[in-house]
4 protein chains.
Amino acid sequence: MSEPMSYAFLGPFGTFCHQALTQVAEADAELVPCGGERQAMDATRSGRTQRSVVPIENSVEGGVTATLDSLAWGRRLQIVREVVVPVGFSLALAPGVELSDVERVGTHSHAWAQCRNWMADHLPGAQHTPTTSTAEAARLLSEGHGGFQACLSSRVAVDMYGLTPTFDDVADNKGAFTRFVVLSLPGHVPQATGADKTTIQVRLPHNHPGALHALLEQFRARDVDLTRIESRPVAGRPGGYGFSIDLAGHIREERVQAALNGVYRTCEDVRFLGSYPRADGRVNHVGDTTSDADFQRAREWVQALLEA
Amino acid sequence: MSEPMSYAFLGPFGTFCHQALTQVAEADAELVPCGGERQAMDATRSGRTQRSVVPIENSVEGGVTATLDSLAWGRRLQIVREVVVPVGFSLALAPGVELSDVERVGTHSHAWAQCRNWMADHLPGAQHTPTTSTAEAARLLSEGHGGFQACLSSRVAVDMYGLTPTFDDVADNKGAFTRFVVLSLPGHVPQATGADKTTIQVRLPHNHPGALHALLEQFRARDVDLTRIESRPVAGRPGGYGFSIDLAGHIREERVQAALNGVYRTCEDVRFLGSYPRADGRVNHVGDTTSDADFQRAREWVQALLEA
Amino acid sequence: MSEPMSYAFLGPFGTFCHQALTQVAEADAELVPCGGERQAMDATRSGRTQRSVVPIENSVEGGVTATLDSLAWGRRLQIVREVVVPVGFSLALAPGVELSDVERVGTHSHAWAQCRNWMADHLPGAQHTPTTSTAEAARLLSEGHGGFQACLSSRVAVDMYGLTPTFDDVADNKGAFTRFVVLSLPGHVPQATGADKTTIQVRLPHNHPGALHALLEQFRARDVDLTRIESRPVAGRPGGYGFSIDLAGHIREERVQAALNGVYRTCEDVRFLGSYPRADGRVNHVGDTTSDADFQRAREWVQALLEA
Amino acid sequence: MSEPMSYAFLGPFGTFCHQALTQVAEADAELVPCGGERQAMDATRSGRTQRSVVPIENSVEGGVTATLDSLAWGRRLQIVREVVVPVGFSLALAPGVELSDVERVGTHSHAWAQCRNWMADHLPGAQHTPTTSTAEAARLLSEGHGGFQACLSSRVAVDMYGLTPTFDDVADNKGAFTRFVVLSLPGHVPQATGADKTTIQVRLPHNHPGALHALLEQFRARDVDLTRIESRPVAGRPGGYGFSIDLAGHIREERVQAALNGVYRTCEDVRFLGSYPRADGRVNHVGDTTSDADFQRAREWVQALLEA
């Protein structure tokens with residue numbers, strides 16, 4: 001009988017990350033809440049857990065810099081799956097409190113930023129009390145600490161701490177989502193499904209004008225689409241940029257291999273962070289000169305000339 | 001006698017933004033602290049203040065998303081100046097407290113993130129209590145509220161609240177800085193100095209592979225260097241990206257005009273956010289085919305043919 | 001009453017060039033046959049004739065190097081019109097001669113090259129006697145000189161010398177044509193018709209790998225199609241190349257001006273050789289970001305920012 | 001004992017092509033003069049000779065179209081060597097004739113074109129009588145036929161027919177040369193020497209603006225220099241172009257293979273015509289990301305990821 005799987009995640013219990021994890025984890029899995037994205041990832045790096053689950057991108061806020069930087073500069077990890085969770089907070093009141101009594105609302109500052117307009121409409125006078133997580137706000141409210149009369153938390157946290165939501169799906173941007181990734185130590189890359197993404201991290205060779213242009217050319221020359229590109233300053237190198245990139249394609253496809261070969265040759269530093277099925281299941285378009293068969297025929301042509 | 005100048009800034013008094021403002025503002029200027037970047041910018045948009053000063057980029061954390069998004073999607077403002085402030089916090093203790101007594105440290109979560117390693121070395125057991133700003137942490141500490149025994153704040157805040165710094169220049173990354181911009185309503189663009197930057201905001205036409213590549217080609221074709229590029233998701237359009245870009249050059253230079261013309265023709269949306277002197281004073285390199293004289297000669301050649 | 005127009009052409013009378021000229025010249029025009037393409041062009045350069053008509057491209061043989069080089073390196077001339085003439089020779093016999101008696105056929109070596117296969121099929125044993133032109137072959141045959149029993153000439157020459165064609169439309173490649181240009185001294189460029197071509201001559205700055213690529217980028221960046229590109233060695237500079245290029249577009253169109261501006265800035269030498277209606281009357285495609293209106297809007301946008 | 005080697009060449013004996021052949025052929029080789037470039041090449045295609053030697057490029061006139069087209073569209077041959085011969089004609093007079101008696105000069109029309117200025121200076125009144133080759137002019141002159149009093153021929157032809165040159169090295173362009181290629185049936189490609197060229201023939205996929213640009217990008221992306229590019233119309237396809245291209249590099253080098261792979265994938269038709277030592281012996285520059293080792297490291301990196 002095999003060991004149950006273990007997952008580190010951005011804790012505490014009750015966060016959106018916990019919610020993402022429930023879509024992924026086996027019933028008997030061990031769940032290990034951590035105090036930060038890096039801490040969760042380090043748990044997998046050290047072997048404490050087999051997997052870690054962390055947010056990587058929010059449709060409103062953009063990339064999650066702690067995750068991107070730890071993927072970029074920490075020991076290499078591999079993305080094995082992505083999970084997309086719609087953003088929507090629950091507003092819960094302390095027991096016995098009326099909406100009109102609320103003077104302060106506890107929540108994480110990112111959550112507050114995403115509900116600012118909603119708050120201005122529904123609780124115009126309420127002030128923000130920052131907490132270390134949205135779940136922590138629910139815990140403090142349920143225990144009567146924290147100095148606030150309401151919290152903005154995930155539904156799972158509200159339920160966990162025995163609170164009753166007054167509003168669900170609170171958010172300024174309807175349709176907003178957070179994307180989480182499931183990470184493991186580097187290892188076997190699964191077969192391509194045709195609807196895959198590949199994530200890489202690249203540091204540009206110089207800060208010169210054409211460097212990013214040249215990088216992108218490696219993908220364009222092989223008809224490889226980018227679905228995400230995030231620039232990040234390189235710590236300790238003012239003006240230096242790293243890029244976190246998602247490609248539409250799988251490292252077991254020739255056009256992706258050709259692009260990665262070119263990037264490897266021409267950039268200072270490139271790191272492969274995994275090829276995995278797209279959460280949206282969309283099948284990637286392959287141009288009419290960049291199929292695996294096209295690459296193979298071209299190689300065979302050259303090979304035949306070399307062997308003549 | 002003219003009215004004194006008025007400046008909105010990311011308050012409260014005692015923030016690094018306040019510190020940046022002191023390098024810029026006239027002695028008799030009116031200083032208006034605001035609760036967020038957008039609020040400061042809106043004060044200028046509404047005419048409440050003539051200028052606003054907000055952080056736009058941190059060398060460790062990257063772009064300040066609230067500023068970038070308000071510049072991108074709010075009513076247009078114009079950058080008239082940039083100010084660079086080295087990052088370095090002061091750690092101050094509550095009166096009568098020893099370093100060994102510190103159990104919790106109050107500060108903004110961004111400041112905490114930037115001093116995490118220093119804290120692990122010097123105050124290994126200390127917990128973080130989040131506050132709405134680093135200055136607020138100093139205020140709360142000086143008043144004995146907040147439930148923490150030390151704060152990480154700017155030196156100006158520590159002084160302002162009568163605290164004594166135990167450590168100065170606390171930071172994980174020596175050499176880190178924050179870049180602030182001074183904003184006004186759109187108006188006259190000053191003459192070029194030769195050592196200028198231009199900031200624009202661009203939304204890509206489609207999410208197709210070559211769109212970013214084509215955008216960058218507009219700059220490369222005229223030898224215009226990029227000193228910063230930040231991607232941001234477009235609210236409400238999953239997969240849509242906007243880019244905030246700093247160019248080495250001034251809109252009164254021909255090569256920059258040619259590049260902007262090309263961007264305007266080929267992108268869905270481009271917004272000019274100002275041409276202003278570089279804080280580092282570095283004179284921009286102009287290639288041997290892209291000087292103003294080169295462009296003028298080429299135009300005169302075509303003009304002479306048209307008028308023959 | 002105005003002077004009649006005068007035309008130099010690649011003589012003698014009876015050449016395909018003469019035939020092209022008859023499509024262009026006024027009834028009372030003075031026709032001046034010349035011994036070479038350069039001589040015809042020099043007649044216009046010196047003011048001896050107002051126009052010259054010379055072949056520039058043959059669909060089988062390619063560019064006519066004497067014309068291309070004189071356009072490239074001689075005093076500048078301007079193309080005012082193009083004329084396309086189908087290639088098809090007439091085979092005529094000397095009086096009293098049977099086809100089976102033909103041992104030698106007189107014609108210009110280019111004509112021989114274009115009928116080689118036809119000859120192998122119809123007159124397998126016949127040898128070639130070179131003449132200085134196809135018309136000269138007809139003249140010599142009609143006078144009984146030249147030592148050949150048949151000639152391959154234009155129909156107009158065969159008729160002119162009182163010969164009777166045994167075969168018409170003799171050619172290895174059905175559908176072959178020669179393109180002629182009508183030249184004047186540089187002067188007024190007519191208005192665009194929407195179905196125009198522009199001819200330029202460019203010398204590349206260095207012999208480096210990317211030079212031609214960079215040249216072509218100037219056209220591609222403005223969606224300007226090339227309908228012809230011919231490389232020619234630069235006399236006295238081994239490894240130096242000049243390119244003769246036809247663009248789909250007119251110098252009075254903004255996208256063509258923008259491309260020419262870029263070429264002028266980045267190449268050692270560029271020469272404008274005329275904008276004129278296409279012989280095939282095909283209306284040029286203009287992309288959805290490169291119309292005159294697109295360029296004007298972009299310029300107005302920058303101008304408004306400069307004047308704020 | 002092995003068979004002596006056999007060579008077809010552009011005859012007759014006494015041409016510059018014969019002169020080139022003498023630099024290449026073994027003492028006991030069989031030399032087979034042919035009436036045209038294609039005939040010489042066909043002799044090798046049919047197995048009549050093991051090699052053929054034909055001119056491919058003249059530094060003044062440009063590409064030799066008969067050779068280029070036969071290489072492009074005839075049965076595939078392989079270039080095994082190139083030979084460069086300086087252009088310089090000898091002017092010889094018929095026995096007993098004075099320079100002042102010369103009324104007509106016999107030579108091939110290409111030779112006449114290359115000496116036109118010299119003739120205008122030294123024999124201003126002389127007319128041209130075309131011959132099928134420069135050697136044929138010497139033969140006719142020596143036999144008293146042809147109706148001319150002087151010939152412009154290679155020195156080897158002048159000597160061969162017992163004539164005495166009055167002038168040597170006659171040419172309008174000092175430093176002009178003709179490049180010849182030695183051809184065999186397709187077969188083993190020799191090892192790279194570091195100072196090699198590779199010749200290919202490419203037909204562009206469509207006549208669209210970016211097709212040639214995209215073709216050149218395949219070379220530029222791998223830092224492969226072009227030393228020659230010639231456009232040729234495609235017979236029977238008006239507006240269709242083929243390109244004859246010489247690359248600085250050898251098919252046994254990775255960067256050349258990568259470029260050829262890309263060309264093969266994206267062009268309608270590409271034909272390999274040989275990798276062989278450069279006549280000028282110049283060692284090719286290899287960029288700092290395109291050495292064989294760079295390509296191998298990149299491939300090994302991807303391979304290791306695939307096999308994890």
# chains A, B, ... in the order shown; residues from 1 in each chain; ligands from 1

call {"tool": "select_by_dssp", "arguments": {"residues": "region 10-158 of chain B", "states": "helix (DSSP H, G or I)", "output": "PyMOL selection string"}}
result
chain B and resi 16-22+37-45+65-73+99-101+109-114+116-122+134-143+155-158

call {"tool": "write_last_selection", "arguments": {"atoms": "C-alpha atoms", "output": "PDB file, in the first residue's frame"}}
result
ATOM      1  CA  PHE B  16       8.925  56.785   1.668  1.00  0.00           C
ATOM      2  CA  CYS B  17       6.637  58.612  -0.719  1.00  0.00           C
ATOM      3  CA  HIS B  18       6.645  61.551   1.664  1.00  0.00           C
ATOM      4  CA  GLN B  19      10.423  61.294   1.710  1.00  0.00           C
ATOM      5  CA  ALA B  20      10.513  61.406  -2.134  1.00  0.00           C
ATOM      6  CA  LEU B  21       8.224  64.407  -2.086  1.00  0.00           C
ATOM      7  CA  THR B  22      10.576  66.364   0.162  1.00  0.00           C
ATOM      8  CA  GLU B  37      -1.956  55.533  -5.037  1.00  0.00           C
ATOM      9  CA  ARG B  38      -5.186  55.897  -6.946  1.00  0.00           C
ATOM     10  CA  GLN B  39      -6.581  58.353  -4.442  1.00  0.00           C
ATOM     11  CA  ALA B  40      -3.466  60.532  -4.787  1.00  0.00           C
ATOM     12  CA  MET B  41      -3.711  60.431  -8.582  1.00  0.00           C
ATOM     13  CA  ASP B  42      -7.440  61.176  -8.469  1.00  0.00           C
ATOM     14  CA  ALA B  43      -6.712  64.280  -6.384  1.00  0.00           C
ATOM     15  CA  THR B  44      -4.793  65.662  -9.354  1.00  0.00           C
ATOM     16  CA  ARG B  45      -7.345  64.427 -11.870  1.00  0.00           C
ATOM     17  CA  THR B  65       0.324  47.684  -9.805  1.00  0.00           C
ATOM     18  CA  ALA B  66      -2.090  50.235  -8.335  1.00  0.00           C
ATOM     19  CA  THR B  67      -0.086  53.049  -9.933  1.00  0.00           C
ATOM     20  CA  LEU B  68       0.393  51.272 -13.251  1.00  0.00           C
ATOM     21  CA  ASP B  69      -3.285  50.398 -13.555  1.00  0.00           C
ATOM     22  CA  SER B  70      -4.506  53.847 -12.643  1.00  0.00           C
ATOM     23  CA  LEU B  71      -2.085  55.361 -15.170  1.00  0.00           C
ATOM     24  CA  ALA B  72      -3.273  52.850 -17.746  1.00  0.00           C
ATOM     25  CA  TRP B  73      -7.018  52.896 -17.318  1.00  0.00           C
ATOM     26  CA  LEU B  99      15.625  44.060  21.458  1.00  0.00           C
ATOM     27  CA  SER B 100      15.299  40.730  23.189  1.00  0.00           C
ATOM     28  CA  ASP B 101      11.766  41.616  24.305  1.00  0.00           C
ATOM     29  CA  SER B 109       3.452  43.697   4.424  1.00  0.00           C
ATOM     30  CA  HIS B 110       5.660  44.911   1.536  1.00  0.00           C
ATOM     31  CA  ALA B 111       8.235  46.203   4.002  1.00  0.00           C
ATOM     32  CA  TRP B 112       8.107  42.923   5.882  1.00  0.00           C
ATOM     33  CA  ALA B 113       8.730  41.048   2.637  1.00  0.00           C
ATOM     34  CA  GLN B 114      11.811  43.138   1.970  1.00  0.00           C
ATOM     35  CA  ARG B 116      12.474  38.945   5.973  1.00  0.00           C
ATOM     36  CA  ASN B 117      16.045  37.632   5.858  1.00  0.00           C
ATOM     37  CA  TRP B 118      17.384  40.458   8.011  1.00  0.00           C
ATOM     38  CA  MET B 119      14.685  39.698  10.548  1.00  0.00           C
ATOM     39  CA  ALA B 120      15.468  35.990  10.524  1.00  0.00           C
ATOM     40  CA  ASP B 121      19.096  36.872  11.354  1.00  0.00           C
ATOM     41  CA  HIS B 122      18.508  39.612  13.965  1.00  0.00           C
ATOM     42  CA  THR B 134       5.080  51.761   7.477  1.00  0.00           C
ATOM     43  CA  ALA B 135       4.385  55.217   8.912  1.00  0.00           C
ATOM     44  CA  GLU B 136       1.233  53.971  10.598  1.00  0.00           C
ATOM     45  CA  ALA B 137       3.360  51.358  12.347  1.00  0.00           C
ATOM     46  CA  ALA B 138       5.575  54.110  13.809  1.00  0.00           C
ATOM     47  CA  ARG B 139       2.529  56.084  14.889  1.00  0.00           C
ATOM     48  CA  LEU B 140       0.891  53.105  16.572  1.00  0.00           C
ATOM     49  CA  LEU B 141       4.161  52.167  18.288  1.00  0.00           C
ATOM     50  CA  SER B 142       4.672  55.699  19.587  1.00  0.00           C
ATOM     51  CA  GLU B 143       1.144  55.684  21.007  1.00  0.00           C
ATOM     52  CA  ARG B 155      13.646  57.208   9.041  1.00  0.00           C
ATOM     53  CA  VAL B 156      11.438  60.244   8.521  1.00  0.00           C
ATOM     54  CA  ALA B 157       8.490  58.500  10.244  1.00  0.00           C
ATOM     55  CA  VAL B 158      10.625  57.293  13.133  1.00  0.00           C
TER      56      VAL B 158
END

call {"tool": "residues_around", "arguments": {"residues": "Lys197 (chain B)", "least_positions_apart": "3", "cutoff": "9 Å", "atoms": "only C-alpha atoms", "output": "number ranges by chain"}}
result
B: 227, 246-251, 274-278, 284

call {"tool": "interface_residues", "arguments": {"of": "chain B", "to": "chain A", "cutoff": "9 Å", "atoms": "only C-alpha atoms", "output": "PyMOL selection string"}}
result
chain B and resi 58-63+65-66+109+128-132+173-176+207-210+212-217+219-220+223-239+241

call {"tool": "residues_around", "arguments": {"residues": "region 181-191 of chain B", "least_positions_apart": "4", "cutoff": "6 Å", "atoms": "only C-alpha atoms", "output": "list of chain:residue names"}}
result
B:Arg51, B:Ser52, B:Val53, B:Val54, B:Leu77, B:Gln78, B:Ile79, B:Val80, B:Arg81, B:Glu82, C:Ala308

call {"tool": "select_by_dssp", "arguments": {"residues": "region 14-206 of chain C", "states": "strand (DSSP E)", "output": "PyMOL selection string"}}
result
chain C and resi 30-34+51-58+62-63+78-86+89-93+104-107+127-130+150-153+165-170+177-184+196-203

call {"tool": "decode", "arguments": {"residues": "region 75-88 of chain A", "atoms": "all heavy atoms", "output": "PDB file, in the first residue's frame"}}
result
ATOM      1  N   ARG A  75      15.658  26.732  -5.923  1.00  0.00           N
ATOM      2  CA  ARG A  75      15.963  25.443  -6.559  1.00  0.00           C
ATOM      3  C   ARG A  75      14.805  25.064  -7.480  1.00  0.00           C
ATOM      4  O   ARG A  75      13.655  25.293  -7.168  1.00  0.00           O
ATOM      5  CB  ARG A  75      16.163  24.384  -5.459  1.00  0.00           C
ATOM      6  CG  ARG A  75      16.641  23.075  -6.005  1.00  0.00           C
ATOM      7  CD  ARG A  75      16.933  22.083  -4.872  1.00  0.00           C
ATOM      8  NE  ARG A  75      16.681  20.730  -5.305  1.00  0.00           N
ATOM      9  CZ  ARG A  75      16.245  19.740  -4.552  1.00  0.00           C
ATOM     10  NH1 ARG A  75      16.025  19.947  -3.253  1.00  0.00           N
ATOM     11  NH2 ARG A  75      16.027  18.550  -5.056  1.00  0.00           N
ATOM     12  N   ARG A  76      15.137  24.441  -8.602  1.00  0.00           N
ATOM     13  CA  ARG A  76      14.123  24.220  -9.630  1.00  0.00           C
ATOM     14  C   ARG A  76      13.017  23.292  -9.164  1.00  0.00           C
ATOM     15  O   ARG A  76      13.286  22.260  -8.533  1.00  0.00           O
ATOM     16  CB  ARG A  76      14.758  23.640 -10.900  1.00  0.00           C
ATOM     17  CG  ARG A  76      13.772  23.586 -12.079  1.00  0.00           C
ATOM     18  CD  ARG A  76      14.480  23.452 -13.400  1.00  0.00           C
ATOM     19  NE  ARG A  76      14.971  22.115 -13.617  1.00  0.00           N
ATOM     20  CZ  ARG A  76      14.262  21.152 -14.227  1.00  0.00           C
ATOM     21  NH1 ARG A  76      13.042  21.392 -14.671  1.00  0.00           N
ATOM     22  NH2 ARG A  76      14.783  19.956 -14.410  1.00  0.00           N
ATOM     23  N   LEU A  77      11.767  23.660  -9.459  1.00  0.00           N
ATOM     24  CA  LEU A  77      10.592  22.828  -9.254  1.00  0.00           C
ATOM     25  C   LEU A  77       9.898  22.645 -10.601  1.00  0.00           C
ATOM     26  O   LEU A  77      10.233  23.329 -11.568  1.00  0.00           O
ATOM     27  CB  LEU A  77       9.633  23.494  -8.253  1.00  0.00           C
ATOM     28  CG  LEU A  77      10.127  23.560  -6.803  1.00  0.00           C
ATOM     29  CD1 LEU A  77       9.172  24.394  -5.956  1.00  0.00           C
ATOM     30  CD2 LEU A  77      10.262  22.145  -6.222  1.00  0.00           C
ATOM     31  N   GLN A  78       8.938  21.757 -10.657  1.00  0.00           N
ATOM     32  CA  GLN A  78       8.261  21.472 -11.919  1.00  0.00           C
ATOM     33  C   GLN A  78       6.749  21.553 -11.731  1.00  0.00           C
ATOM     34  O   GLN A  78       6.205  20.945 -10.810  1.00  0.00           O
ATOM     35  CB  GLN A  78       8.682  20.083 -12.395  1.00  0.00           C
ATOM     36  CG  GLN A  78       8.248  19.763 -13.802  1.00  0.00           C
ATOM     37  CD  GLN A  78       9.007  18.559 -14.342  1.00  0.00           C
ATOM     38  OE1 GLN A  78      10.228  18.442 -14.168  1.00  0.00           O
ATOM     39  NE2 GLN A  78       8.294  17.656 -14.971  1.00  0.00           N
ATOM     40  N   ILE A  79       6.105  22.313 -12.616  1.00  0.00           N
ATOM     41  CA  ILE A  79       4.648  22.421 -12.566  1.00  0.00           C
ATOM     42  C   ILE A  79       4.059  21.157 -13.160  1.00  0.00           C
ATOM     43  O   ILE A  79       4.403  20.782 -14.287  1.00  0.00           O
ATOM     44  CB  ILE A  79       4.162  23.647 -13.353  1.00  0.00           C
ATOM     45  CG1 ILE A  79       4.790  24.931 -12.789  1.00  0.00           C
ATOM     46  CG2 ILE A  79       2.640  23.741 -13.337  1.00  0.00           C
ATOM     47  CD1 ILE A  79       4.495  26.178 -13.612  1.00  0.00           C
ATOM     48  N   VAL A  80       3.163  20.503 -12.416  1.00  0.00           N
ATOM     49  CA  VAL A  80       2.556  19.281 -12.937  1.00  0.00           C
ATOM     50  C   VAL A  80       1.081  19.481 -13.270  1.00  0.00           C
ATOM     51  O   VAL A  80       0.464  18.639 -13.922  1.00  0.00           O
ATOM     52  CB  VAL A  80       2.711  18.088 -11.955  1.00  0.00           C
ATOM     53  CG1 VAL A  80       4.191  17.753 -11.792  1.00  0.00           C
ATOM     54  CG2 VAL A  80       2.084  18.391 -10.605  1.00  0.00           C
ATOM     55  N   ARG A  81       0.520  20.610 -12.870  1.00  0.00           N
ATOM     56  CA  ARG A  81      -0.908  20.825 -13.099  1.00  0.00           C
ATOM     57  C   ARG A  81      -1.236  22.264 -12.789  1.00  0.00           C
ATOM     58  O   ARG A  81      -0.551  22.897 -11.993  1.00  0.00           O
ATOM     59  CB  ARG A  81      -1.684  19.895 -12.154  1.00  0.00           C
ATOM     60  CG  ARG A  81      -3.180  19.939 -12.366  1.00  0.00           C
ATOM     61  CD  ARG A  81      -3.848  18.733 -11.752  1.00  0.00           C
ATOM     62  NE  ARG A  81      -5.292  18.934 -11.818  1.00  0.00           N
ATOM     63  CZ  ARG A  81      -6.186  18.162 -11.237  1.00  0.00           C
ATOM     64  NH1 ARG A  81      -5.781  17.120 -10.515  1.00  0.00           N
ATOM     65  NH2 ARG A  81      -7.476  18.409 -11.345  1.00  0.00           N
ATOM     66  N   GLU A  82      -2.278  22.801 -13.401  1.00  0.00           N
ATOM     67  CA  GLU A  82      -2.762  24.125 -13.006  1.00  0.00           C
ATOM     68  C   GLU A  82      -4.236  24.018 -12.615  1.00  0.00           C
ATOM     69  O   GLU A  82      -4.970  23.167 -13.107  1.00  0.00           O
ATOM     70  CB  GLU A  82      -2.567  25.171 -14.114  1.00  0.00           C
ATOM     71  CG  GLU A  82      -3.350  24.916 -15.372  1.00  0.00           C
ATOM     72  CD  GLU A  82      -3.268  26.078 -16.376  1.00  0.00           C
ATOM     73  OE1 GLU A  82      -2.608  27.089 -16.089  1.00  0.00           O
ATOM     74  OE2 GLU A  82      -3.892  25.972 -17.446  1.00  0.00           O
ATOM     75  N   VAL A  83      -4.662  24.892 -11.668  1.00  0.00           N
ATOM     76  CA  VAL A  83      -6.040  24.898 -11.174  1.00  0.00           C
ATOM     77  C   VAL A  83      -6.506  26.355 -11.181  1.00  0.00           C
ATOM     78  O   VAL A  83      -5.813  27.232 -10.676  1.00  0.00           O
ATOM     79  CB  VAL A  83      -6.131  24.355  -9.730  1.00  0.00           C
ATOM     80  CG1 VAL A  83      -7.578  24.277  -9.273  1.00  0.00           C
ATOM     81  CG2 VAL A  83      -5.438  23.011  -9.616  1.00  0.00           C
ATOM     82  N   VAL A  84      -7.666  26.609 -11.769  1.00  0.00           N
ATOM     83  CA  VAL A  84      -8.192  27.965 -11.830  1.00  0.00           C
ATOM     84  C   VAL A  84      -9.391  28.081 -10.896  1.00  0.00           C
ATOM     85  O   VAL A  84     -10.323  27.260 -10.959  1.00  0.00           O
ATOM     86  CB  VAL A  84      -8.587  28.314 -13.277  1.00  0.00           C
ATOM     87  CG1 VAL A  84      -9.337  29.641 -13.328  1.00  0.00           C
ATOM     88  CG2 VAL A  84      -7.341  28.369 -14.149  1.00  0.00           C
ATOM     89  N   VAL A  85      -9.356  29.072  -9.992  1.00  0.00           N
ATOM     90  CA  VAL A  85     -10.423  29.257  -9.012  1.00  0.00           C
ATOM     91  C   VAL A  85     -11.017  30.661  -9.199  1.00  0.00           C
ATOM     92  O   VAL A  85     -10.284  31.648  -9.155  1.00  0.00           O
ATOM     93  CB  VAL A  85      -9.864  29.112  -7.574  1.00  0.00           C
ATOM     94  CG1 VAL A  85     -10.945  29.425  -6.536  1.00  0.00           C
ATOM     95  CG2 VAL A  85      -9.304  27.709  -7.378  1.00  0.00           C
ATOM     96  N   PRO A  86     -12.344  30.759  -9.388  1.00  0.00           N
ATOM     97  CA  PRO A  86     -12.969  32.075  -9.517  1.00  0.00           C
ATOM     98  C   PRO A  86     -12.790  32.869  -8.233  1.00  0.00           C
ATOM     99  O   PRO A  86     -12.873  32.310  -7.134  1.00  0.00           O
ATOM    100  CB  PRO A  86     -14.451  31.771  -9.741  1.00  0.00           C
ATOM    101  CG  PRO A  86     -14.548  30.316  -9.995  1.00  0.00           C
ATOM    102  CD  PRO A  86     -13.323  29.663  -9.453  1.00  0.00           C
ATOM    103  N   VAL A  87     -12.561  34.176  -8.358  1.00  0.00           N
ATOM    104  CA  VAL A  87     -12.408  35.031  -7.187  1.00  0.00           C
ATOM    105  C   VAL A  87     -13.785  35.528  -6.744  1.00  0.00           C
ATOM    106  O   VAL A  87     -14.548  36.051  -7.555  1.00  0.00           O
ATOM    107  CB  VAL A  87     -11.517  36.245  -7.490  1.00  0.00           C
ATOM    108  CG1 VAL A  87     -11.602  37.274  -6.351  1.00  0.00           C
ATOM    109  CG2 VAL A  87     -10.087  35.808  -7.696  1.00  0.00           C
ATOM    110  N   GLY A  88     -14.109  35.328  -5.478  1.00  0.00           N
ATOM    111  CA  GLY A  88     -15.365  35.842  -4.929  1.00  0.00           C
ATOM    112  C   GLY A  88     -15.300  35.663  -3.428  1.00  0.00           C
ATOM    113  O   GLY A  88     -15.108  34.543  -2.941  1.00  0.00           O
TER     114      GLY A  88
END
